[in-house]
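What follows is a short report on a single structure.
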Amino acid sequence: MSPRRRVGITASLGLVGLAGILDAGGNLLFLVAAQTGRLDVAAVISSLYPAFTTLLAWALLRERLSQGQVMGVLLSLIAIALIASG
């Protein structure tokens with residue numbers, strides 16, 4: 001395996017580790033929200049994770065978003081704002 005290939009794998013492992021930490025943190029925060037707050041709000045907000053996955057793919061991997069994806073992300077952000085406003 002070439003040294004160039006190893007650097008790519010090492011960088012990928014760092015991103016995979018970060019994804020794991022963020023995923024575990026998200027699960028932990030969901031459990032805290034479910035125990036201390038309103039479970040309905042925590043469930044709705046946690047169900048919006050595909051929108052954030054799409055945004056990360058756009059920002060980090062430079063993927064192009066279709067019009068439907070852009071609309072979905074925008075509507076998800078609006079929904080979060082409406083939920084937060086009460």
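Just remember, in the structure tokens the first chain shown is A, the second B, etc., residues are 1-based per chain, and ligands are 1-based in the order shown.
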Inset, instruction - Determine which residues of chain A DSSP labels as alpha helix (DSSP H) from the backbone of this structure, then write them out as a VMD selection string. - result: chain A and resid 3 to 36 39 to 46 49 to 60 67 to 85
Inset, instruction - Fewer than 5 positions away in the same chain doesn't count, so skip those; otherwise give me all residues within 12 Å of A:Tyr49, counting only C-alpha atoms, as a ChimeraX atom specification. - result: /A:22-23,26-27,42-44,54-56,72-73,76-77,80
Selection near A:Ile83, 9 Å with only C-alpha atoms, sequence-local residues under 5 positions removed, as a CSV table (one decimal) with C-alpha atoms, in the first residue's frame:
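Result file follows (out.csv):
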```csv
chain,number,residue,atom,x,y,z
A,41,VAL,CA,-40.3,17.7,21.2
A,44,VAL,CA,-39.4,15.4,16.6
A,45,ILE,CA,-36.1,17.2,16.7
A,78,ILE,CA,-38.1,26.3,9.7
```
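The residue that comes closest to A:Leu29, out of A:Gly17, A:Thr10, A:Ala79, A:Ser46 and on the basis of only C-alpha atoms, is A:Ser46.
Residue nearest A:Ala51, chosen from A:Leu39, A:Ile21, A:Leu65, A:Ala33 and counting only C-alpha atoms: A:Leu65.
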